[in-house]
$ cat model.cif   # mmCIF, C-alpha atoms and all ligand atoms
data_input
loop_
_atom_site.label_atom_id
_atom_site.label_comp_id
_atom_site.auth_asym_id
_atom_site.auth_seq_id
_atom_site.Cartn_x
_atom_site.Cartn_y
_atom_site.Cartn_z
CA MET A 239 -63.22 107.60 -42.63
CA ASP A 240 -63.09 106.53 -39.00
CA ASN A 241 -66.40 104.69 -39.30
CA GLN A 242 -64.71 102.26 -41.69
CA ILE A 243 -64.45 100.09 -38.63
CA ILE A 244 -68.16 99.29 -39.02
CA ILE A 245 -67.78 97.66 -42.43
CA LYS A 246 -64.76 95.76 -41.19
CA ILE A 247 -66.74 94.35 -38.30
CA VAL A 248 -69.68 93.48 -40.52
CA LEU A 249 -67.52 91.67 -43.09
CA ILE A 250 -65.47 89.78 -40.54
CA ALA A 251 -68.61 88.82 -38.64
CA ALA A 252 -70.16 87.44 -41.83
CA LEU A 253 -67.08 85.35 -42.54
CA ALA A 254 -66.97 84.16 -38.94
CA VAL A 255 -70.58 83.03 -39.21
CA PHE A 256 -69.62 80.98 -42.29
CA ALA A 257 -66.74 79.40 -40.40
CA VAL A 258 -69.00 78.38 -37.52
CA PHE A 259 -71.62 77.16 -39.95
CA LEU A 260 -68.97 74.98 -41.56
CA MET A 261 -67.93 73.41 -38.28
CA LEU A 262 -71.42 72.61 -37.04
CA PRO A 263 -72.70 69.17 -37.90
CA GLY A 264 -76.04 70.66 -38.90
CA SER A 265 -79.28 68.89 -39.69
CA GLY A 266 -80.47 68.63 -43.28
CA ALA A 267 -83.68 70.52 -42.62
CA ARG A 268 -82.01 73.45 -40.89
CA HIS A 269 -79.44 73.78 -43.63
CA LEU A 270 -82.00 73.75 -46.36
CA ALA A 271 -84.15 76.24 -44.51
CA LEU A 272 -81.24 78.60 -43.86
CA ARG A 273 -80.18 78.38 -47.48
CA ARG A 274 -83.66 79.27 -48.65
CA LEU A 275 -84.03 82.11 -46.15
CA SER A 276 -80.77 83.64 -47.29
CA MET A 277 -81.91 83.38 -50.89
CA ILE A 278 -85.09 85.28 -50.03
CA GLY A 279 -83.06 87.86 -48.10
CA LEU A 280 -80.70 88.37 -51.02
CA PHE A 281 -83.62 88.70 -53.39
CA ALA A 282 -85.20 91.36 -51.20
CA ILE A 283 -81.94 93.29 -50.94
CA ALA A 284 -81.51 93.15 -54.71
CA VAL A 285 -84.99 94.55 -55.29
CA VAL A 286 -84.47 97.37 -52.78
CA ALA A 287 -81.12 98.18 -54.36
CA VAL A 288 -82.65 98.47 -57.80
CA VAL A 289 -85.61 100.57 -56.68
CA PHE A 290 -83.71 102.89 -54.33
CA PRO A 291 -80.13 103.23 -55.61
CA GLN A 292 -79.56 106.22 -53.31
CA LEU A 293 -80.33 104.05 -50.29
CA ILE A 294 -77.34 101.83 -51.07
CA ASN A 295 -75.13 104.90 -51.18
CA ASP A 296 -76.46 106.10 -47.84
CA VAL A 297 -75.92 102.73 -46.23
CA ALA A 298 -72.41 102.61 -47.70
CA ASN A 299 -71.59 105.99 -46.21
CA ALA A 300 -73.07 105.01 -42.86
CA VAL A 301 -70.84 101.93 -42.53
CA GLY A 302 -67.75 103.71 -43.79
CA VAL A 303 -67.57 102.58 -47.42
CA GLY A 304 -67.16 105.35 -49.97
CA ARG A 305 -69.62 104.36 -52.64
CA GLY A 306 -72.66 102.13 -53.00
CA THR A 307 -70.97 100.09 -55.73
CA ASP A 308 -68.15 99.24 -53.34
CA LEU A 309 -70.65 98.03 -50.79
CA LEU A 310 -72.32 95.88 -53.43
CA LEU A 311 -68.94 94.44 -54.37
CA TYR A 312 -68.21 93.54 -50.76
CA GLY A 313 -71.62 91.97 -50.45
CA LEU A 314 -71.06 90.00 -53.61
CA ILE A 315 -67.75 88.65 -52.33
CA VAL A 316 -69.26 87.59 -49.03
CA VAL A 317 -72.17 85.88 -50.75
CA PHE A 318 -69.78 84.18 -53.16
CA ILE A 319 -67.62 82.79 -50.37
CA GLY A 320 -70.65 81.62 -48.43
CA ASN A 321 -72.06 79.96 -51.49
CA SER A 322 -68.77 78.22 -52.27
CA LEU A 323 -68.54 76.88 -48.73
CA ALA A 324 -72.10 75.61 -48.78
CA ALA A 325 -71.57 73.99 -52.17
CA SER A 326 -68.38 72.21 -51.14
CA ARG A 327 -70.06 71.01 -47.99
CA ARG A 328 -72.92 69.58 -49.99
CA TYR A 329 -70.41 68.02 -52.36
CA ARG A 330 -68.61 66.21 -49.54
CA HIS A 331 -71.90 64.92 -48.23
CA THR A 332 -72.86 63.59 -51.65
CA GLU A 333 -69.44 62.05 -52.03
CA ARG A 334 -69.88 60.11 -48.81
CA GLU A 335 -73.20 58.78 -50.00
CA VAL A 336 -71.80 57.81 -53.37
CA THR A 337 -68.96 55.99 -51.62
CA ASN A 338 -71.34 53.98 -49.47
CA LEU A 339 -73.46 53.16 -52.48
CA ALA A 340 -70.51 52.13 -54.64
CA ARG A 341 -69.04 50.05 -51.83
CA ALA A 342 -72.32 48.25 -51.20
CA LEU A 343 -72.62 47.52 -54.91
CA ALA A 344 -69.03 46.30 -55.18
CA LEU A 345 -69.40 43.99 -52.19
CA ALA A 346 -72.75 42.66 -53.37
CA GLU A 347 -71.23 41.63 -56.69
CA ALA A 348 -68.16 40.02 -55.16
CA PRO A 349 -68.01 36.28 -54.50
CA LYS A 350 -68.58 35.16 -50.92
CA PRO A 351 -65.34 34.81 -48.95
CA GLY A 352 -64.26 31.20 -48.80
CA SER A 353 -66.19 30.27 -51.96
CA HIS A 354 -63.40 31.48 -54.20
CA GLN A 355 -61.87 28.86 -56.52
CA ASP A 356 -58.97 29.30 -58.86
CA MET B 162 -54.76 45.49 -52.16
CA PRO B 163 -55.87 48.77 -53.66
CA LEU B 164 -55.61 48.56 -57.43
CA TYR B 165 -55.78 51.36 -59.94
CA ASN B 166 -54.34 51.14 -63.43
CA GLU B 167 -51.50 48.75 -62.62
CA GLY B 168 -52.24 46.30 -65.45
CA GLN B 169 -48.58 46.05 -66.41
CA VAL B 170 -47.41 44.72 -63.07
CA VAL B 171 -50.31 43.52 -60.95
CA ARG B 172 -50.41 39.93 -62.20
CA GLU B 173 -46.81 39.32 -61.23
CA VAL B 174 -47.27 41.08 -57.87
CA ILE B 175 -50.25 38.88 -56.99
CA LEU B 176 -48.69 35.65 -58.23
CA GLN B 177 -45.73 36.22 -55.96
CA ALA B 178 -47.88 37.32 -53.05
CA ARG B 179 -50.12 34.26 -53.30
CA ALA B 180 -47.18 32.03 -52.58
CA VAL B 181 -47.10 33.58 -49.11
CA PHE B 182 -50.66 34.81 -48.53
CA PRO B 183 -53.34 32.54 -49.99
CA ASN B 184 -56.28 34.92 -49.53
CA ILE B 185 -55.90 38.10 -51.50
CA VAL B 186 -58.61 40.61 -52.21
CA CYS B 187 -57.90 43.26 -54.77
CA VAL B 188 -60.12 46.32 -54.95
CA ASP B 189 -60.16 47.59 -58.48
CA ASP B 190 -61.12 51.22 -58.42
CA GLY B 191 -62.56 51.77 -61.86
CA SER B 192 -59.25 51.17 -63.62
CA SER B 193 -59.32 52.08 -67.29
CA ASP B 194 -56.84 49.36 -68.23
CA ASN B 195 -56.94 45.57 -67.82
CA SER B 196 -55.96 45.65 -64.12
CA ALA B 197 -59.05 43.80 -62.90
CA ASP B 198 -58.65 40.94 -65.41
CA GLU B 199 -54.96 40.63 -64.66
CA ALA B 200 -55.63 40.46 -60.93
CA ALA B 201 -58.35 37.85 -61.38
CA ALA B 202 -56.11 35.81 -63.69
CA ALA B 203 -53.47 35.78 -60.98
CA GLY B 204 -56.01 34.27 -58.58
CA ALA B 205 -57.06 37.18 -56.39
CA VAL B 206 -60.65 37.92 -55.46
CA VAL B 207 -61.44 41.12 -57.31
CA VAL B 208 -63.97 43.53 -55.84
CA LYS B 209 -64.81 46.26 -58.31
CA HIS B 210 -65.80 49.79 -57.48
CA PRO B 211 -68.09 51.00 -60.27
CA ILE B 212 -66.29 54.36 -60.29
CA ASN B 213 -62.96 55.66 -59.03
CA LEU B 214 -63.26 56.56 -55.36
CA GLY B 215 -59.63 56.65 -54.30
CA GLN B 216 -57.10 54.56 -52.46
CA GLY B 217 -58.59 55.12 -49.00
CA ALA B 218 -62.05 54.04 -50.12
CA ALA B 219 -60.56 50.98 -51.80
CA LEU B 220 -58.74 49.97 -48.63
CA GLN B 221 -61.94 50.20 -46.60
CA THR B 222 -63.86 48.15 -49.14
CA GLY B 223 -61.15 45.49 -49.12
CA LEU B 224 -61.11 45.40 -45.33
CA ASP B 225 -64.92 45.13 -45.24
CA TYR B 226 -64.70 42.18 -47.58
CA ALA B 227 -61.94 40.46 -45.65
CA MET B 228 -63.68 41.04 -42.31
CA SER B 229 -66.77 39.26 -43.63
CA ASP B 230 -64.71 36.06 -43.46
CA PRO B 231 -64.94 35.17 -39.76
CA SER B 232 -61.88 32.94 -39.95
CA ALA B 233 -59.63 35.83 -40.97
CA GLU B 234 -57.46 36.92 -38.04
CA PHE B 235 -54.86 39.21 -39.58
CA PHE B 236 -55.11 41.71 -42.40
CA VAL B 237 -52.38 43.24 -44.53
CA THR B 238 -52.65 46.28 -46.77
CA PHE B 239 -50.22 45.95 -49.64
CA ASP B 240 -49.65 48.09 -52.74
CA SER B 241 -50.38 46.49 -56.07
CA ASP B 242 -47.60 48.32 -57.87
CA GLY B 243 -44.84 46.01 -56.64
CA GLN B 244 -43.27 48.50 -54.25
CA HIS B 245 -43.65 46.35 -51.16
CA GLY B 246 -41.67 43.32 -50.08
CA LEU B 247 -43.39 40.06 -49.16
CA ASP B 248 -40.71 39.23 -46.61
CA ASP B 249 -41.55 42.48 -44.81
CA ALA B 250 -45.28 41.72 -44.90
CA LEU B 251 -44.76 38.22 -43.56
CA ALA B 252 -42.49 39.44 -40.77
CA MET B 253 -45.14 41.99 -39.77
CA VAL B 254 -47.87 39.36 -39.55
CA THR B 255 -45.57 37.13 -37.51
CA ARG B 256 -44.91 39.96 -35.10
CA LEU B 257 -48.62 40.74 -34.91
CA SER B 258 -49.33 37.16 -33.86
CA GLU B 259 -46.53 37.06 -31.29
CA GLU B 260 -46.44 40.53 -29.77
CA PRO B 261 -49.16 42.33 -27.82
CA VAL B 262 -49.99 44.84 -30.56
CA ASP B 263 -53.07 45.52 -32.68
CA VAL B 264 -51.48 47.16 -35.66
CA ILE B 265 -48.03 47.32 -37.23
CA ILE B 266 -47.17 50.11 -39.63
CA GLY B 267 -44.33 49.87 -42.12
CA SER B 268 -41.66 52.53 -42.09
CA ARG B 269 -39.15 53.14 -44.84
CA PHE B 270 -36.96 55.27 -42.59
CA LEU B 271 -35.96 52.73 -39.96
CA ASP B 272 -33.13 51.28 -41.97
CA GLY B 273 -31.11 52.35 -45.00
CA ARG B 274 -32.71 50.11 -47.61
CA THR B 275 -35.19 52.55 -49.11
CA LYS B 276 -34.00 55.31 -51.41
CA PRO B 277 -36.77 57.85 -51.92
CA GLY B 278 -36.10 61.02 -53.89
CA ARG B 279 -34.95 64.02 -51.91
CA ILE B 280 -38.13 66.09 -52.23
CA LYS B 281 -40.27 63.10 -51.33
CA LYS B 282 -38.12 62.53 -48.25
CA VAL B 283 -38.53 66.12 -47.07
CA VAL B 284 -42.28 66.06 -47.66
CA LEU B 285 -42.67 62.77 -45.80
CA LYS B 286 -40.60 64.03 -42.90
CA LEU B 287 -42.72 67.17 -42.61
CA ALA B 288 -45.83 65.01 -42.74
CA VAL B 289 -44.42 62.83 -39.96
CA ILE B 290 -43.97 65.86 -37.72
CA PHE B 291 -47.50 67.00 -38.50
CA GLU B 292 -48.96 63.59 -37.70
CA ASN B 293 -46.95 63.15 -34.51
CA VAL B 294 -48.07 66.51 -33.22
CA SER B 295 -51.70 66.24 -34.28
CA THR B 296 -52.33 62.63 -33.22
CA GLY B 297 -49.85 61.89 -30.44
CA VAL B 298 -48.93 58.66 -32.22
CA ARG B 299 -45.16 58.45 -32.64
CA LEU B 300 -44.16 57.15 -36.05
CA THR B 301 -41.22 57.68 -38.38
CA ASP B 302 -43.04 57.36 -41.73
CA ALA B 303 -46.19 59.18 -42.70
CA HIS B 304 -47.55 57.48 -45.74
CA ASN B 305 -46.67 53.84 -45.88
CA GLY B 306 -49.13 51.51 -47.60
CA LEU B 307 -47.78 48.40 -45.92
CA ARG B 308 -49.66 47.69 -42.68
CA ALA B 309 -50.69 44.63 -40.71
CA LEU B 310 -53.79 44.76 -38.52
CA ASN B 311 -55.74 42.38 -36.33
CA ARG B 312 -59.54 42.20 -36.21
CA ARG B 313 -59.78 44.64 -33.36
CA ALA B 314 -57.80 47.27 -35.25
CA VAL B 315 -59.77 46.83 -38.46
CA SER B 316 -63.07 47.04 -36.64
CA VAL B 317 -62.30 50.36 -34.96
CA ILE B 318 -60.43 52.04 -37.82
CA ARG B 319 -63.10 53.05 -40.30
CA ILE B 320 -61.52 54.87 -43.22
CA GLU B 321 -63.64 57.82 -44.28
CA GLN B 322 -60.95 59.63 -46.24
CA ASN B 323 -61.42 58.33 -49.75
CA ARG B 324 -58.18 59.64 -51.19
CA MET B 325 -54.67 59.94 -49.92
CA ALA B 326 -55.48 61.52 -46.55
CA HIS B 327 -56.50 58.07 -45.28
CA ALA B 328 -52.93 57.43 -44.16
CA SER B 329 -53.08 60.27 -41.65
CA GLU B 330 -56.63 59.30 -40.74
CA ILE B 331 -55.52 55.78 -39.84
CA VAL B 332 -52.78 57.16 -37.60
CA ALA B 333 -55.29 59.49 -35.94
CA LYS B 334 -57.69 56.63 -35.29
CA ILE B 335 -54.92 54.50 -33.83
CA GLY B 336 -54.43 57.31 -31.32
CA GLN B 337 -58.11 57.97 -30.63
CA ASN B 338 -58.86 54.30 -30.02
CA LYS B 339 -55.69 53.73 -28.02
CA LEU B 340 -54.70 50.81 -30.21
CA ARG B 341 -51.39 49.19 -29.41
CA TYR B 342 -49.09 49.91 -32.31
CA ALA B 343 -45.58 49.22 -33.47
CA GLU B 344 -43.47 50.08 -36.48
CA HIS B 345 -41.60 47.70 -38.69
CA PRO B 346 -38.73 48.58 -41.04
CA VAL B 347 -39.79 47.98 -44.63
CA HIS B 348 -38.12 48.38 -47.97
CA ILE B 349 -40.05 50.44 -50.51
CA ILE B 350 -38.76 49.56 -53.94
CA TYR B 351 -38.57 52.58 -56.22
CA THR B 352 -38.39 51.43 -59.82
CA ASP B 353 -38.71 53.60 -62.91
CA TYR B 354 -42.25 52.27 -63.23
CA SER B 355 -43.29 53.29 -59.73
CA ARG B 356 -41.49 56.60 -59.89
CA ALA B 357 -43.29 57.49 -63.09
CA LYS B 358 -46.66 56.50 -61.63
CA GLY B 359 -46.31 57.30 -57.94
CA GLN B 360 -47.81 60.15 -55.99
CA SER B 361 -46.91 63.70 -56.81
CA VAL B 362 -45.69 65.73 -53.88
CA TRP B 363 -48.44 68.20 -54.78
CA ASN B 364 -50.74 65.72 -53.09
CA LEU B 365 -49.57 67.22 -49.83
CA VAL B 366 -51.82 70.19 -50.53
CA ASN B 367 -54.76 67.93 -51.36
CA ILE B 368 -54.21 65.83 -48.27
CA LEU B 369 -54.15 68.86 -45.99
CA ASN B 370 -57.31 70.12 -47.64
CA ASP B 371 -59.07 66.79 -47.10
CA LEU B 372 -57.97 66.69 -43.47
CA ILE B 373 -59.11 70.22 -42.67
CA PHE B 374 -62.42 70.29 -44.55
CA LYS B 375 -63.99 67.04 -43.46
N1 LIG C 401 -58.10 51.63 -55.49
C1 LIG C 401 -57.26 52.62 -55.76
N2 LIG C 401 -55.98 52.39 -55.62
C2 LIG C 401 -55.14 53.38 -55.91
C3 LIG C 401 -55.55 54.67 -56.33
N3 LIG C 401 -54.43 55.41 -56.52
C4 LIG C 401 -53.41 54.61 -56.23
N4 LIG C 401 -53.83 53.37 -55.88
C5 LIG C 401 -53.03 52.17 -55.51
O1 LIG C 401 -52.37 52.43 -54.30
C6 LIG C 401 -51.09 51.87 -54.32
C7 LIG C 401 -50.06 52.93 -54.05
O2 LIG C 401 -50.21 53.97 -54.98
P1 LIG C 401 -49.05 54.95 -55.36
O3 LIG C 401 -49.65 55.91 -56.33
O4 LIG C 401 -47.86 54.18 -55.79
O5 LIG C 401 -48.80 55.71 -53.97
P2 LIG C 401 -47.63 55.53 -52.94
O6 LIG C 401 -47.04 54.17 -53.04
O7 LIG C 401 -48.19 55.95 -51.62
O8 LIG C 401 -46.61 56.65 -53.38
P3 LIG C 401 -45.16 56.50 -54.05
O9 LIG C 401 -44.20 56.46 -52.88
O10 LIG C 401 -45.00 57.76 -54.87
O11 LIG C 401 -45.15 55.28 -54.88
C8 LIG C 401 -50.94 51.18 -55.66
O12 LIG C 401 -51.23 49.82 -55.46
C9 LIG C 401 -51.99 51.83 -56.52
O13 LIG C 401 -52.50 50.97 -57.50
C10 LIG C 401 -56.94 54.88 -56.47
O14 LIG C 401 -57.43 55.95 -56.83
N5 LIG C 401 -57.75 53.83 -56.16
MG MG C 402 -46.38 53.49 -54.93
#
$ encode --input "model.cif" --output "structure tokens" --more "lines below"
Ligand SMILES: Nc1nc2c(ncn2[C@@H]2O[C@H](COP(=O)(O)OP(=O)(O)OP(=O)(O)O)[C@@H](O)[C@H]2O)c(=O)[nH]1
Ligand SMILES: [Mg+2]
Amino acid sequence: MDNQIIIKIVLIAALAVFAVFLMLPGSGARHLALRRLSMIGLFAIAVVAVVFPQLINDVANAVGVGRGTDLLLYGLIVVFIGNSLAASRRYRHTEREVTNLARALALAEAPKPGSHQD
Amino acid sequence: MPLYNEGQVVREVILQARAVFPNIVCVDDGSSDNSADEAAAAGAVVVKHPINLGQGAALQTGLDYAMSDPSAEFFVTFDSDGQHGLDDALAMVTRLSEEPVDVIIGSRFLDGRTKPGRIKKVVLKLAVIFENVSTGVRLTDAHNGLRALNRRAVSVIRIEQNRMAHASEIVAKIGQNKLRYAEHPVHIIYTDYSRAKGQSVWNLVNILNDLIFK
């Protein structure tokens, strides 16, 4: 039970990485690349987990989690949070672009200042 | 003037305002009622967002428009729901032209005229403390839509908060850019109409969210 500390460190570190990720301005290319790399990583982990179920159990025991399913649940939660953060970040970016677009459109359609008659 | 679904009142608000301020730009934010037509009928320039972006975005669009007129010296943000007083707005512009300040923010707490509900008062007071601590700008009201700005202030304050967090953002930018600011006592008129339509105090949560997750 005393090696539970390992899983705690791993989980907290993962969440801390997300927090830092969220603060960084970040270039489009790096973000996209990191997103794709993590997708590939997840895919690989999923395949390994299906092929060698016992391996998951062993890893779980090594980091101080009782069962493999618990480890998978933790992993799922971390991935879910990370995905939510990335999605909301992308959403805010899109929103800013939509705002600029809508504003440009609105101003282009407005009468020139000074030309207004009533 | 940010405008969103105020068709019932906006014509009267603009007609009265035009007697004092001849150049009025109203930013209709995808209203689903006849707000835009009413505003135009009252003689305002109406700039129309194709979709609803929020009050902050509307203010920035209106300021962009007004700034494109090089003869404009002073700018006033004024609610279209009839909650603001023209005498207050005029006094603020007069002060702006006479005193060495860049921006004047209205405050409903400097005299006893305004009667906000109790919960609203508490929320606003908490928000004031938050803003004072986080921006270093000392104000007594946190979310007052009545402001007067000169060209310098408008050019350095770029509103990026589309929704209600723009009020705190403006205060923060006043601090960051070391603008010279002052407060002016204003009367916010709470009618049944405005109380029914006004901001829910739940917006506090949304505002904090917008401020934290930029
Ligand atoms: N353009 C635009 N204007 C808005 C939007 N929401 C509100 N407004 C306008 O902003 C002004 C103030 O809105 P209110 O909802 O009354 O907010 P408030 O005056 O800060 O809050 P109260 O003290 O509760 O009245 C009014 O002129 C509204 O028409 C929006 O989404 N877009
Ligand atoms: Mg109002």
$ residues_around --input "model.cif" --residues "Lys350 (chain A)" --least-positions-apart "5" --cutoff "12 Å" --atoms "only C-alpha atoms" --output "ChimeraX atom specification"
/A:344-345,355 /B:186,206-208,226-231
$ interface_residues --input "model.cif" --of "chain B" --to "chain A" --cutoff "9 Å" --atoms "only C-alpha atoms" --output "VMD selection string"
chain B and resid 184 188 201 to 212 214 218 to 219 221 to 223 225 to 227 229 to 230 321 323 374 to 375
$ residues_near_ligand --input "model.cif" --ligand "ligand MG 402 (chain C)" --cutoff "10 Å" --atoms "only C-alpha atoms and all ligand atoms" --output "PDB file with C-alpha atoms, in the coordinates of the input"
ATOM      1  CA  PHE B 239     -50.220  45.950 -49.640  1.00  0.00           C
ATOM      2  CA  ASP B 240     -49.650  48.090 -52.740  1.00  0.00           C
ATOM      3  CA  SER B 241     -50.380  46.490 -56.070  1.00  0.00           C
ATOM      4  CA  ASP B 242     -47.600  48.320 -57.870  1.00  0.00           C
ATOM      5  CA  GLY B 243     -44.840  46.010 -56.640  1.00  0.00           C
ATOM      6  CA  GLN B 244     -43.270  48.500 -54.250  1.00  0.00           C
ATOM      7  CA  HIS B 245     -43.650  46.350 -51.160  1.00  0.00           C
ATOM      8  CA  ASN B 305     -46.670  53.840 -45.880  1.00  0.00           C
ATOM      9  CA  GLY B 306     -49.130  51.510 -47.600  1.00  0.00           C
ATOM     10  CA  ILE B 349     -40.050  50.440 -50.510  1.00  0.00           C
ATOM     11  CA  ILE B 350     -38.760  49.560 -53.940  1.00  0.00           C
ATOM     12  CA  TYR B 351     -38.570  52.580 -56.220  1.00  0.00           C
ATOM     13  CA  THR B 352     -38.390  51.430 -59.820  1.00  0.00           C
ATOM     14  CA  TYR B 354     -42.250  52.270 -63.230  1.00  0.00           C
ATOM     15  CA  SER B 355     -43.290  53.290 -59.730  1.00  0.00           C
ATOM     16  CA  ARG B 356     -41.490  56.600 -59.890  1.00  0.00           C
ATOM     17  CA  ALA B 357     -43.290  57.490 -63.090  1.00  0.00           C
ATOM     18  CA  LYS B 358     -46.660  56.500 -61.630  1.00  0.00           C
ATOM     19  CA  GLY B 359     -46.310  57.300 -57.940  1.00  0.00           C
ATOM     20  CA  GLN B 360     -47.810  60.150 -55.990  1.00  0.00           C
TER      21      GLN B 360
END
$ atom_distance --input "model.cif" --atom1 "CA of Thr332 (chain A)" --atom2 "CA of Val317 (chain B)"
23.8 Å
$ residues_around --input "model.cif" --residues "Glu199 (chain B)" --least-positions-apart "5" --cutoff "12 Å" --atoms "all atoms listed in the file" --output "PyMOL selection string"
chain B and resi 164-176+187+189+192+194+204-207+241
$ residues_around --input "model.cif" --residues "Leu224 (chain B)" --least-positions-apart "4" --cutoff "8 Å" --atoms "only C-alpha atoms" --output "compact mmCIF listing (two decimals) with C-alpha atoms, keeping the file's coordinate frame"
# COMPACT_ATOMS: atom_id res chain seq x y z
CA LEU B 220 -58.74 49.97 -48.63
CA MET B 228 -63.68 41.04 -42.31
CA PHE B 236 -55.11 41.71 -42.40
CA VAL B 315 -59.77 46.83 -38.46
$ axis_aligned_box --input "model.cif" --around "region 350-353 of chain A" --padding-each-side "8 Å" --output "JSON"
{"center_x": -66.4, "center_y": 32.7, "center_z": -50.4, "size_x": 20.3, "size_y": 20.9, "size_z": 19.2}
$ atom_distance --input "model.cif" --atom1 "atom O9 of ligand LIG 401 (chain C)" --atom2 "CA of Val298 (chain B)"
21.3 Å
$ atom_distance --input "model.cif" --atom1 "CA of Lys246 (chain A)" --atom2 "CA of Asp296 (chain A)"
17.0 Å
$ residues_near_point --input "model.cif" --point "(-56.5, 47.2, -40.7)" --cutoff "9 Å" --atoms "all atoms listed in the file" --output "ChimeraX atom specification"
/B:220-221,224,235-238,263-264,308-319,331
$ closest_residue --input "model.cif" --among "B:Glu260, B:Asp272, B:Glu292, B:Asp353" --to "ligand LIG 401 (chain C)" --atoms "only C-alpha atoms and all ligand atoms"
B:Asp353
$ residues_around --input "model.cif" --residues "Ala284 (chain A)" --least-positions-apart "6" --cutoff "12 Å" --atoms "all atoms listed in the file" --output "PDB file with C-alpha atoms, in the frame of the given file"
ATOM      1  CA  MET A 277     -81.910  83.380 -50.890  1.00  0.00           C
ATOM      2  CA  ILE A 278     -85.090  85.280 -50.030  1.00  0.00           C
ATOM      3  CA  PHE A 290     -83.710 102.890 -54.330  1.00  0.00           C
ATOM      4  CA  PRO A 291     -80.130 103.230 -55.610  1.00  0.00           C
ATOM      5  CA  LEU A 293     -80.330 104.050 -50.290  1.00  0.00           C
ATOM      6  CA  ILE A 294     -77.340 101.830 -51.070  1.00  0.00           C
ATOM      7  CA  LEU A 310     -72.320  95.880 -53.430  1.00  0.00           C
ATOM      8  CA  GLY A 313     -71.620  91.970 -50.450  1.00  0.00           C
ATOM      9  CA  LEU A 314     -71.060  90.000 -53.610  1.00  0.00           C
TER      10      LEU A 314
END
$ decode --input "model.cif" --residues "region 246-250 of chain A" --atoms "all heavy atoms" --output "compact mmCIF listing (two decimals), in the first residue's frame"
# COMPACT_ATOMS: atom_id res chain seq x y z
N LYS A 246 -0.05 8.58 -7.05
CA LYS A 246 -0.42 9.97 -6.73
C LYS A 246 0.47 10.94 -7.48
O LYS A 246 0.01 11.92 -8.06
CB LYS A 246 -0.29 10.21 -5.22
CG LYS A 246 -1.43 9.55 -4.44
CD LYS A 246 -1.31 9.83 -2.96
CE LYS A 246 -2.41 9.10 -2.21
NZ LYS A 246 -2.14 9.03 -0.76
N ILE A 247 1.77 10.64 -7.45
CA ILE A 247 2.71 11.54 -8.14
C ILE A 247 2.40 11.57 -9.64
O ILE A 247 2.35 12.63 -10.26
CB ILE A 247 4.16 11.09 -7.88
CG1 ILE A 247 4.51 11.33 -6.41
CG2 ILE A 247 5.13 11.83 -8.79
CD1 ILE A 247 5.84 10.76 -6.00
N VAL A 248 2.18 10.39 -10.19
CA VAL A 248 1.93 10.32 -11.64
C VAL A 248 0.69 11.14 -12.02
O VAL A 248 0.71 11.94 -12.96
CB VAL A 248 1.75 8.85 -12.08
CG1 VAL A 248 1.26 8.78 -13.52
CG2 VAL A 248 3.06 8.10 -11.94
N LEU A 249 -0.39 10.95 -11.25
CA LEU A 249 -1.64 11.65 -11.58
C LEU A 249 -1.49 13.16 -11.42
O LEU A 249 -1.92 13.94 -12.27
CB LEU A 249 -2.78 11.14 -10.70
CG LEU A 249 -3.25 9.71 -11.02
CD1 LEU A 249 -4.31 9.26 -10.04
CD2 LEU A 249 -3.76 9.62 -12.45
N ILE A 250 -0.87 13.55 -10.31
CA ILE A 250 -0.72 14.99 -10.09
C ILE A 250 0.19 15.61 -11.14
O ILE A 250 -0.07 16.69 -11.65
CB ILE A 250 -0.21 15.26 -8.66
CG1 ILE A 250 -1.32 14.91 -7.67
CG2 ILE A 250 0.22 16.70 -8.49
CD1 ILE A 250 -0.91 15.00 -6.22
